[in-house]
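Q: One file is attached below, start05.txt, containing compact mmCIF, C-alpha atoms.
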# COMPACT_ATOMS: atom_id res chain seq x y z
CA MET L 810 90.62 82.11 90.69
CA LYS L 811 90.88 82.63 94.43
CA ALA L 812 92.82 85.23 96.39
CA LEU L 813 93.59 85.65 100.08
CA VAL L 814 94.03 89.17 101.47
CA LEU L 815 95.74 89.29 104.85
CA GLY L 816 94.78 92.44 106.72
CA ALA L 817 91.54 94.41 106.65
CA GLY L 818 92.86 97.95 107.01
CA MET L 819 92.69 100.68 104.39
CA MET L 820 95.04 98.83 102.02
CA GLY L 821 93.40 95.46 102.53
CA LYS L 822 90.04 96.99 101.75
CA ALA L 823 91.34 98.43 98.47
CA LEU L 824 92.98 95.13 97.57
CA ALA L 825 89.83 93.12 98.22
CA TYR L 826 87.72 95.62 96.29
CA ASP L 827 89.91 95.44 93.19
CA LEU L 828 90.29 91.66 93.28
CA GLU L 829 86.54 91.10 93.65
CA LYS L 830 85.81 93.61 90.90
CA ASN L 831 88.10 91.62 88.60
CA ASN L 832 86.36 88.29 89.20
CA PHE L 833 88.56 86.83 91.91
CA LYS L 834 86.87 84.93 94.70
CA THR L 835 88.47 86.76 97.59
CA VAL L 836 88.85 85.98 101.29
CA THR L 837 89.89 88.80 103.62
CA ALA L 838 91.42 87.70 106.92
CA ASP L 839 92.09 89.81 110.00
CA ILE L 840 92.43 89.23 113.72
CA ASP L 841 89.74 91.91 114.16
CA SER L 842 86.52 90.22 113.03
CA GLN L 843 84.67 93.52 112.79
CA LYS L 844 87.22 94.96 110.36
CA ALA L 845 87.11 91.81 108.23
CA GLU L 846 83.30 91.93 108.13
CA GLU L 847 83.35 95.62 107.16
CA VAL L 848 85.61 94.83 104.20
CA ALA L 849 83.34 91.94 103.24
CA GLU L 850 80.28 94.18 103.34
CA PHE L 851 82.02 96.80 101.18
CA THR L 852 83.55 94.46 98.59
CA GLY L 853 81.43 91.30 98.57
CA CYS L 854 84.37 89.13 99.61
CA ASP L 855 84.34 86.48 102.31
CA ALA L 856 85.61 87.35 105.78
CA VAL L 857 87.69 85.21 108.13
CA THR L 858 88.85 85.99 111.65
CA LEU L 859 92.49 84.97 111.78
CA ASP L 860 95.69 85.53 113.72
CA ILE L 861 98.29 85.55 110.94
CA THR L 862 100.85 83.95 113.24
CA ASP L 863 98.59 80.90 113.55
CA GLU L 864 99.27 77.71 111.56
CA SER L 865 95.81 77.94 109.99
CA VAL L 866 97.23 80.53 107.56
CA ASN L 867 98.85 77.62 105.72
CA ALA L 868 95.51 75.90 105.16
CA LEU L 869 93.95 79.10 103.81
CA MET L 870 96.86 79.65 101.43
CA GLU L 871 96.61 76.08 100.15
CA GLU L 872 93.09 76.89 98.94
CA CYS L 873 94.15 80.03 97.05
CA ASP L 874 96.01 80.91 93.85
CA VAL L 875 97.59 84.00 95.36
CA ALA L 876 97.92 85.57 98.81
CA VAL L 877 98.54 89.26 99.42
CA SER L 878 99.88 90.70 102.66
CA ALA L 879 98.46 94.03 103.80
CA VAL L 880 99.72 93.63 107.38
CA PRO L 881 102.77 95.37 108.93
CA TYR L 882 105.99 94.58 107.08
CA PHE L 883 107.58 92.60 109.91
CA PHE L 884 105.20 89.67 109.26
CA ASN L 885 106.03 89.34 105.56
CA TYR L 886 109.01 87.00 105.65
CA GLU L 887 107.20 84.36 107.69
CA LEU L 888 104.12 84.74 105.48
CA ALA L 889 106.26 84.31 102.35
CA GLN L 890 107.75 81.16 103.84
CA THR L 891 104.26 79.83 104.51
CA ALA L 892 103.18 80.64 100.95
CA VAL L 893 106.09 78.67 99.51
CA LYS L 894 105.16 75.65 101.62
CA ALA L 895 101.50 76.00 100.66
CA GLY L 896 102.25 76.30 96.94
CA CYS L 897 100.55 79.71 96.79
CA HIS L 898 101.87 82.79 94.97
CA PHE L 899 102.53 85.67 97.36
CA CYS L 900 103.04 89.43 97.17
CA ASP L 901 103.05 92.22 99.73
CA LEU L 902 103.24 95.96 100.28
CA GLY L 903 106.85 95.81 101.48
CA GLY L 904 108.27 98.66 103.51
CA ASN L 905 111.54 97.32 104.91
CA ASN L 906 114.68 96.46 102.95
CA ASP L 907 115.93 93.80 105.38
CA ILE L 908 112.63 91.91 105.30
CA VAL L 909 112.49 92.14 101.50
CA ASN L 910 116.01 90.72 101.20
CA LYS L 911 115.01 87.81 103.43
CA GLU L 912 112.00 87.17 101.20
CA LEU L 913 114.20 87.20 98.11
CA SER L 914 116.43 84.59 99.76
CA LEU L 915 113.54 82.15 99.27
CA HIS L 916 114.13 82.15 95.51
CA GLU L 917 115.33 78.56 95.10
CA LYS L 918 112.65 77.13 97.39
CA ALA L 919 109.97 79.07 95.53
CA VAL L 920 111.23 77.81 92.15
CA LYS L 921 111.19 74.26 93.45
CA ASN L 922 107.58 74.62 94.64
CA ASP L 923 106.40 76.37 91.43
CA VAL L 924 105.63 79.55 93.39
CA LEU L 925 106.26 83.23 92.67
CA ILE L 926 107.06 85.66 95.50
CA ILE L 927 107.10 89.40 94.71
CA PRO L 928 107.67 91.72 97.68
CA ASP L 929 107.35 95.53 97.60
CA CYS L 930 104.31 95.76 95.29
CA GLY L 931 102.55 98.87 96.58
CA LEU L 932 103.08 102.50 95.62
CA ALA L 933 106.68 103.23 96.55
CA PRO L 934 108.26 100.79 96.49
CA GLY L 935 106.16 98.93 93.96
CA MET L 936 104.60 101.08 91.27
CA THR L 937 107.72 103.24 91.24
CA ASN L 938 109.98 100.19 90.70
CA VAL L 939 108.00 99.15 87.65
CA ILE L 940 107.82 102.67 86.20
CA ALA L 941 111.54 103.19 86.82
CA ALA L 942 112.26 99.94 84.95
CA VAL L 943 110.18 101.20 82.02
CA GLY L 944 112.08 104.50 81.99
CA ILE L 945 115.49 102.84 82.29
CA LYS L 946 114.72 100.61 79.33
CA GLU L 947 113.11 103.24 77.14
CA VAL L 948 115.79 105.96 77.43
CA ASN L 949 118.77 103.73 78.27
CA ALA L 950 118.94 105.64 81.55
CA THR L 951 122.02 106.17 83.66
CA GLU L 952 120.20 108.42 86.15
CA VAL L 953 116.82 107.97 87.89
CA HIS L 954 115.16 110.22 90.47
CA ILE L 955 111.95 109.15 92.23
CA ARG L 956 109.74 111.56 94.19
CA VAL L 957 106.53 110.39 95.88
CA GLY L 958 104.26 111.68 98.62
CA GLY L 959 100.85 111.15 100.14
CA LEU L 960 99.45 114.47 101.37
CA PRO L 961 96.22 115.80 102.85
CA GLN L 962 94.35 118.04 100.44
CA HIS L 963 93.68 120.40 103.36
CA PRO L 964 96.71 120.23 105.68
CA LYS L 965 96.36 120.83 109.40
CA PRO L 966 99.19 121.98 111.69
CA PRO L 967 101.54 121.18 113.24
CA LEU L 968 102.69 118.36 110.91
CA ASP L 969 100.46 119.04 107.86
CA TYR L 970 100.07 115.30 107.42
CA THR L 971 97.30 112.72 107.56
CA LEU L 972 97.92 109.11 108.53
CA VAL L 973 97.19 107.26 105.31
CA PHE L 974 99.04 104.03 106.09
CA SER L 975 100.62 102.16 108.99
CA VAL L 976 102.35 104.37 111.55
CA HIS L 977 104.95 101.59 111.90
CA GLY L 978 105.79 101.91 108.22
CA LEU L 979 105.90 105.71 108.41
CA LEU L 980 108.39 105.77 111.28
CA ASN L 981 110.49 103.09 109.63
CA GLU L 982 110.76 105.23 106.49
CA TYR L 983 111.92 108.19 108.55
CA LYS L 984 114.34 106.29 110.78
CA GLU L 985 116.22 103.76 108.64
CA PRO L 986 118.92 104.94 106.19
CA ALA L 987 118.06 105.56 102.57
CA VAL L 988 119.89 103.51 99.94
CA VAL L 989 121.03 105.40 96.83
CA ILE L 990 123.43 105.08 93.92
CA ARG L 991 125.98 107.89 93.63
CA ASN L 992 128.77 107.93 91.09
CA GLY L 993 127.88 104.35 90.27
CA ASN L 994 128.25 103.14 93.86
CA VAL L 995 125.52 101.92 96.21
CA GLN L 996 125.57 104.06 99.35
CA LYS L 997 123.51 104.77 102.42
CA VAL L 998 122.47 108.26 103.47
CA GLU L 999 120.62 109.46 106.55
CA SER L 1000 116.86 109.84 106.22
CA LEU L 1001 115.20 113.20 106.91
CA THR L 1002 118.11 114.96 105.16
CA GLU L 1003 118.93 116.62 101.82
CA ILE L 1004 115.73 118.66 101.62
CA GLU L 1005 114.93 120.08 98.19
CA GLU L 1006 112.07 122.15 96.83
CA ILE L 1007 109.82 120.52 94.26
CA ASN L 1008 107.21 122.35 92.21
CA PHE L 1009 104.19 120.16 91.51
CA PRO L 1010 101.52 122.11 89.59
CA PRO L 1011 98.73 122.70 90.42
CA ILE L 1012 99.58 121.90 94.06
CA GLY L 1013 102.50 124.32 94.35
CA VAL L 1014 105.99 124.28 95.82
CA LEU L 1015 106.57 121.44 98.27
CA GLU L 1016 109.62 119.77 99.84
CA ALA L 1017 111.22 116.38 99.24
CA PHE L 1018 113.76 114.63 101.43
CA GLN L 1019 115.55 111.32 101.84
CA THR L 1020 113.59 108.44 103.37
CA SER L 1021 114.20 104.72 103.68
CA GLY L 1022 112.80 101.94 101.53
CA GLY L 1023 111.77 103.89 98.46
CA THR L 1024 114.54 102.65 96.20
CA SER L 1025 113.90 99.13 97.48
CA THR L 1026 115.75 96.61 95.30
CA LEU L 1027 116.48 99.06 92.48
CA PRO L 1028 120.10 99.77 93.61
CA GLN L 1029 120.99 96.09 93.49
CA THR L 1030 119.11 95.46 90.25
CA TYR L 1031 120.70 98.37 88.39
CA GLN L 1032 124.13 98.63 90.01
CA GLY L 1033 126.61 98.86 87.17
CA GLN L 1034 124.06 100.46 84.85
CA LEU L 1035 122.92 103.52 86.79
CA GLN L 1036 125.30 106.22 87.91
CA GLU L 1037 122.69 108.05 89.99
CA LEU L 1038 119.53 106.81 91.73
CA ASP L 1039 117.61 108.28 94.63
CA TYR L 1040 114.17 108.41 96.20
CA LYS L 1041 112.71 111.26 98.21
CA THR L 1042 109.39 111.65 100.00
CA ILE L 1043 107.24 114.69 99.19
CA ARG L 1044 105.65 116.67 102.02
CA TYR L 1045 104.40 120.18 102.69
CA LYS L 1046 107.24 122.55 103.47
CA GLY L 1047 108.47 122.40 107.06
CA HIS L 1048 107.36 118.84 107.81
CA CYS L 1049 110.83 117.31 107.61
CA ALA L 1050 112.41 119.69 110.11
CA LYS L 1051 109.65 119.05 112.66
CA MET L 1052 109.96 115.28 112.38
CA LYS L 1053 113.75 115.40 112.50
CA THR L 1054 113.59 117.34 115.76
CA LEU L 1055 111.52 114.54 117.32
CA PHE L 1056 114.00 111.96 116.05
CA ASP L 1057 117.05 113.96 117.14
CA VAL L 1058 115.83 114.11 120.76
CA GLY L 1059 115.38 110.34 120.76
CA MET L 1060 111.63 109.94 120.34
CA CYS L 1061 112.10 107.11 117.84
CA SER L 1062 114.57 105.19 119.97
CA GLU L 1063 113.71 101.60 120.81
CA ASP L 1064 115.92 101.62 123.91
CA PRO L 1065 113.66 101.34 126.99
CA ILE L 1066 113.60 104.24 129.43
CA ASP L 1067 112.02 104.59 132.86
CA VAL L 1068 109.14 107.04 133.17
CA GLY L 1069 108.00 107.05 136.79
CA PRO L 1070 107.05 103.46 137.65
CA CYS L 1071 106.85 102.42 133.98
CA THR L 1072 109.45 101.30 131.47
CA VAL L 1073 108.62 102.33 127.91
CA LYS L 1074 110.22 102.58 124.49
CA PRO L 1075 110.14 106.15 123.14
CA ARG L 1076 109.20 104.84 119.68
CA ASP L 1077 106.12 103.14 121.13
CA VAL L 1078 105.11 106.41 122.75
CA LEU L 1079 105.62 108.36 119.53
CA SER L 1080 103.68 105.75 117.55
CA THR L 1081 100.78 105.92 119.97
CA VAL L 1082 100.73 109.72 120.00
CA LEU L 1083 100.86 109.99 116.20
CA GLN L 1084 98.14 107.37 115.87
CA LYS L 1085 95.98 109.45 118.20
CA VAL L 1086 96.63 113.01 117.03
CA LEU L 1087 97.16 112.71 113.28
CA PRO L 1088 94.00 112.96 111.18
CA HIS L 1089 92.71 109.70 109.67
CA GLN L 1090 90.72 109.17 106.49
CA GLU L 1091 91.10 112.81 105.46
CA LYS L 1092 90.66 113.64 101.80
CA ASP L 1093 94.15 113.08 100.48
CA MET L 1094 96.18 113.05 97.29
CA VAL L 1095 99.21 111.14 96.08
CA LEU L 1096 101.94 112.75 93.99
CA LEU L 1097 104.46 110.78 91.97
CA LYS L 1098 107.31 111.82 89.70
CA VAL L 1099 109.90 109.50 88.20
CA THR L 1100 112.61 111.09 86.06
CA ALA L 1101 114.85 108.91 83.89
CA LYS L 1102 117.85 110.45 82.13
CA GLY L 1103 119.88 108.69 79.46
CA ASP L 1104 119.83 109.07 75.68
CA LYS L 1105 117.11 111.61 76.47
CA GLU L 1106 115.16 112.68 79.54
CA LYS L 1107 111.71 111.31 80.27
CA THR L 1108 109.37 112.04 83.18
CA TYR L 1109 106.45 109.99 84.44
CA GLU L 1110 104.01 111.92 86.64
CA MET L 1111 100.81 111.14 88.53
CA ILE L 1112 98.41 112.99 90.80
CA ASP L 1113 95.68 110.85 92.31
CA TYR L 1114 92.91 112.13 94.56
CA TYR L 1115 90.61 110.77 97.26
CA ASP L 1116 87.77 108.82 95.64
CA GLU L 1117 84.57 110.60 96.66
CA GLN L 1118 82.31 107.84 95.36
CA LEU L 1119 84.04 104.94 97.11
CA LYS L 1120 85.15 107.01 100.11
CA MET L 1121 88.62 105.59 99.52
CA THR L 1122 91.88 107.43 100.08
CA ALA L 1123 94.25 108.10 97.21
CA MET L 1124 96.94 106.30 99.19
CA ALA L 1125 94.76 103.19 99.45
CA ARG L 1126 93.99 103.36 95.73
CA THR L 1127 97.57 103.86 94.61
CA THR L 1128 98.94 101.26 97.00
CA GLY L 1129 96.20 98.62 96.93
CA PHE L 1130 95.27 98.69 93.25
CA PRO L 1131 98.83 98.25 91.87
CA THR L 1132 99.36 95.37 94.28
CA ALA L 1133 96.08 93.81 93.21
CA VAL L 1134 97.13 94.15 89.55
CA ILE L 1135 100.38 92.32 90.27
CA ALA L 1136 98.53 89.63 92.25
CA GLN L 1137 96.19 89.09 89.31
CA MET L 1138 99.13 88.87 86.89
CA MET L 1139 100.69 86.22 89.13
CA ALA L 1140 97.51 84.17 89.44
CA ASP L 1141 96.54 84.20 85.76
CA ASN L 1142 100.09 83.51 84.55
CA THR L 1143 100.54 86.86 82.85
CA ILE L 1144 103.79 86.60 84.80
CA THR L 1145 105.16 83.10 84.22
CA GLN L 1146 108.41 83.41 86.16
CA ARG L 1147 108.89 81.50 89.38
CA GLY L 1148 111.05 82.18 92.40
CA ALA L 1149 111.37 85.28 94.57
CA LEU L 1150 111.84 88.38 92.44
CA PRO L 1151 111.54 92.15 92.89
CA PRO L 1152 108.80 93.88 90.86
CA GLU L 1153 111.18 95.55 88.40
CA ARG L 1154 112.44 92.11 87.35
CA ALA L 1155 109.06 90.40 87.04
CA VAL L 1156 106.22 92.82 86.22
CA PRO L 1157 105.60 93.75 82.55
CA GLY L 1158 105.73 97.53 82.81
CA ARG L 1159 103.60 98.70 79.92
CA LYS L 1160 100.81 96.21 80.62
CA PHE L 1161 100.95 97.19 84.28
CA MET L 1162 100.48 100.86 83.38
CA GLU L 1163 97.58 99.96 81.07
CA GLU L 1164 95.89 98.16 83.94
CA LEU L 1165 96.39 101.17 86.21
CA LYS L 1166 94.78 103.38 83.56
CA LYS L 1167 91.67 101.17 83.66
CA ARG L 1168 91.48 102.05 87.35
CA GLU L 1169 91.86 105.76 86.55
CA ILE L 1170 95.39 105.86 87.93
CA ILE L 1171 96.92 107.83 85.09
CA ILE L 1172 100.67 108.04 84.51
CA ARG L 1173 101.43 111.05 82.30
CA GLU L 1174 104.63 110.92 80.29
CA LYS L 1175 106.73 113.89 79.25
CA ASN L 1176 109.82 113.88 77.05
Turn this file's structure into structure tokens for me.
A:
Amino acid sequence: MKALVLGAGMMGKALAYDLEKNNFKTVTADIDSQKAEEVAEFTGCDAVTLDITDESVNALMEECDVAVSAVPYFFNYELAQTAVKAGCHFCDLGGNNDIVNKELSLHEKAVKNDVLIIPDCGLAPGMTNVIAAVGIKEVNATEVHIRVGGLPQHPKPPLDYTLVFSVHGLLNEYKEPAVVIRNGNVQKVESLTEIEEINFPPIGVLEAFQTSGGTSTLPQTYQGQLQELDYKTIRYKGHCAKMKTLFDVGMCSEDPIDVGPCTVKPRDVLSTVLQKVLPHQEKDMVLLKVTAKGDKEKTYEMIDYYDEQLKMTAMARTTGFPTAVIAQMMADNTITQRGALPPERAVPGRKFMEELKKREIIIREKN
């Protein structure tokens, strides 16, 4: 079987590694030829220099069983459209509810072309959607709480954060409203609010707060069944207040302002500054906790650490590997459904968790 990975960043590298390790002939494409070649050298895949907005993407997809997007979220709808035309299964890392909804609108076209589209397949959303679906089914849940965070093992001030994925995705999570279910109703709440303490042994007491995108399609899928659903991002204490100050003074605005002879968007400035000053490729860890309450209460927890042997971040592992698992399930017909579906509706949860365990991503369950 053949897979196409679009994007040769940290996530694309993890995707290509897992696909190649599991006997997929993999092509990694990126506009930066050096990045694509570095992934090829690390994984053994083929490398292609490609602008993903170019029509040649269609020809590449036609040669593959599945394509996976590891590029910024705003390209995913057009890529999903191309996949449908090419007759190639497609999944992505998600990151934006509006884009995901547009992808899901391709359902009928995908069915007609015998294609499966699954957006939001990474860590959160993605892994968390599938685990939440398992918990909802197993305890007949009416309440689900999801807490996830990627953190540096050795935090550095002032933000105590390391850039472990796209800065565009990070700012989007902090800026857009979070979608929740409260008292059975789907609602929106402001991100960077409702801070709570969370104790995560052996790491210690951290904070969690509302961010966008984490609940993904879960509110729509489980409206009418769940009374309560929310997602909060985990960070070291104090991070939320610092970021909210930047947002409150307008540093994430996309309205152009004049600075001397130049006209700039504050968000572009903030993105550039964060890209420059935040640590990259630091030794990190990913924390996950999904609590489902119904006939009984059940918790699913994970702590994953930077891989010293592969020199791969925990965020890349826990985002790239779950997506690769789903891509493999699509290509080998473990998932036989067709259309455009969210992960909680399509991915077999227990088998998915078994595959993660093979990759030493361990989900511990507590009743």
Q: Can you work out the spacing between atom CA of Thr971 of chain L and atom CA of Tyr1115 of chain L in Å, to one decimal?
A: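 Separating atom CA of Thr971 of chain L from atom CA of Tyr1115 of chain L is a distance of 12.4 Å.
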Q: Show me, as a short mmCIF file (atom, residue, chain, number, x, y, z; two decimals) with C-alpha atoms, keeping the file's coordinate frame, the residues that have an atom within 8 Å of segment 1094-1105 of chain L when counting all atoms listed in the file, minus same-chain residues fewer than 3 positions from it.
A:
data_model
loop_
_atom_site.label_atom_id
_atom_site.label_comp_id
_atom_site.auth_asym_id
_atom_site.auth_seq_id
_atom_site.Cartn_x
_atom_site.Cartn_y
_atom_site.Cartn_z
CA THR L 937 107.72 103.24 91.24
CA ILE L 940 107.82 102.67 86.20
CA ALA L 941 111.54 103.19 86.82
CA GLY L 944 112.08 104.50 81.99
CA ILE L 945 115.49 102.84 82.29
CA VAL L 948 115.79 105.96 77.43
CA ASN L 949 118.77 103.73 78.27
CA ALA L 950 118.94 105.64 81.55
CA THR L 951 122.02 106.17 83.66
CA GLU L 952 120.20 108.42 86.15
CA VAL L 953 116.82 107.97 87.89
CA HIS L 954 115.16 110.22 90.47
CA ILE L 955 111.95 109.15 92.23
CA ARG L 956 109.74 111.56 94.19
CA VAL L 957 106.53 110.39 95.88
CA GLY L 958 104.26 111.68 98.62
CA GLY L 959 100.85 111.15 100.14
CA LEU L 960 99.45 114.47 101.37
CA PRO L 961 96.22 115.80 102.85
CA GLN L 962 94.35 118.04 100.44
CA ILE L 1043 107.24 114.69 99.19
CA THR L 1108 109.37 112.04 83.18
CA TYR L 1109 106.45 109.99 84.44
CA GLU L 1110 104.01 111.92 86.64
CA MET L 1111 100.81 111.14 88.53
CA ILE L 1112 98.41 112.99 90.80
CA ASP L 1113 95.68 110.85 92.31
CA TYR L 1114 92.91 112.13 94.56
CA TYR L 1115 90.61 110.77 97.26
CA THR L 1122 91.88 107.43 100.08
CA ALA L 1123 94.25 108.10 97.21
CA MET L 1124 96.94 106.30 99.19
CA THR L 1127 97.57 103.86 94.61
CA ASN L 1176 109.82 113.88 77.05
#
Q: Between L:Lys1085, L:Arg1044, L:Lys894, L:Lys1053, single out the one closest to Leu925 of chain L, counting only C-alpha atoms.
A: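 Checking each candidate against Leu925 of chain L, we get L:Lys894 as the closest.
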Q: Quick one: of L:Cys897, L:Val973, L:Val1086, L:Ile990, who's nearest to Glu871 of chain L, counting only C-alpha atoms?
A: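 Smallest distance to Glu871 of chain L is found for L:Cys897.
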Q: For atom CA of Cys873 of chain L and atom CA of Met810 of chain L, determine how far apart the two atoms are, in Å to one decimal place.
A: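 Computing it gives 7.6 Å between the two atoms.
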Q: What's around Glu1006 of chain L at 9 Å? Count all atoms listed in the file, leave out sequence neighbours fewer than 3 positions away in its own chain, and write the answer as a list in words.
A: Val1014, Leu1015, Glu1016, Ala1017, Phe1018 and Lys1046 of chain L
Q: If we count all atoms listed in the file and set the cut-off at 12 Å, which residues sit around Gln1084 of chain L, ignoring sequence neighbours fewer than 5 positions away in its own chain? Please answer as a list in words.
A: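 My reading of the contact set: Tyr970, Thr971, Leu972, Val973, Phe974, Ser975, Val976, His977, Leu979, Leu980, Arg1076, Asp1077, Val1078, Leu1079 and His1089 of chain L.
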Q: Can you pull out every residue within 8 Å of Gly904 of chain L, counting only C-alpha atoms, but drop anything in the same chain fewer than 5 positions away, and send it as number ranges by chain?
A: L: 882, 929, 934, 978, 981-982, 1022
Q: Considering only C-alpha atoms, return as a ChimeraX atom specification whatever protein or nucleic-acid residues lie within 7 Å of Arg991 of chain L, sequence-local ones (same chain, fewer than 3 positions apart) excluded.
A: /L:994-996,1036-1038
Q: Per residue of segment 1080-1141 of chain L within 12 Å of segment 1057-1068 of chain L, which atom pair is closest and at what distance in Å (one decimal), using all atoms listed in the file, listed by chain and increasing number, as a tab-separated table?
A:
residue	atom	partner	partner_atom	distance
L:Ser1080	CA	L:Cys1061	CA	8.5
L:Thr1081	CA	L:Met1060	CA	11.6
L:Val1082	CA	L:Met1060	CA	10.9
L:Leu1083	CA	L:Met1060	CA	11.5
Q: Okay, now the selection with C-alpha atoms, as a PDB file, in the frame of the given file?
A:
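File written: part_22.pdb
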ATOM      1  CA  SER L1080     103.680 105.750 117.550  1.00  0.00           C
ATOM      2  CA  THR L1081     100.780 105.920 119.970  1.00  0.00           C
ATOM      3  CA  VAL L1082     100.730 109.720 120.000  1.00  0.00           C
ATOM      4  CA  LEU L1083     100.860 109.990 116.200  1.00  0.00           C
TER       5      LEU L1083
END
Q: Calculated over all atoms listed in the file, which of the candidates L:Asn905, L:Gln1118, L:Asn938, L:Asn992 has the smallest distance to Val1156 of chain L?
A: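 Answer, going by the shortest atom-to-atom distance: L:Asn938.
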Q: How far is it from atom CA of Cys854 of chain L to atom CA of Met1139 of chain L, in Å with one decimal?
A: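 Between atom CA of Cys854 of chain L and atom CA of Met1139 of chain L the gap is 19.6 Å.
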Q: Would you mind telling me which residue in L:Ala879, L:Leu859, L:Val909, L:Ile1012 lies nearest to Ile840 of chain L when using only C-alpha atoms?
A: L:Leu859
Q: Looking at L:Gly935, L:Pro1075, L:Gly1023, L:Gly1129, which one is nearest to Val814 of chain L, with distances taken over only C-alpha atoms?
A: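 Checking each candidate against Val814 of chain L, we get L:Gly1129 as the closest.
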Q: Just need the box for segment 1047-1058 of chain L, edges along x, y and z, holding every atom the file lists for it with 4 Å tacked onto each side, so centre and edge lengths in Å to one decimal, as JSON.
A:
{"center_x": 112.2, "center_y": 117.2, "center_z": 113.9, "size_x": 17.7, "size_y": 18.4, "size_z": 21.7}
Q: My list of candidates is L:Thr858, L:Met1162, L:Ile1144, L:Ala1125. Which is closest to Leu932 of chain L when distances are computed with only C-alpha atoms?
A: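 For Leu932 of chain L, the nearest of the given residues is L:Ala1125.
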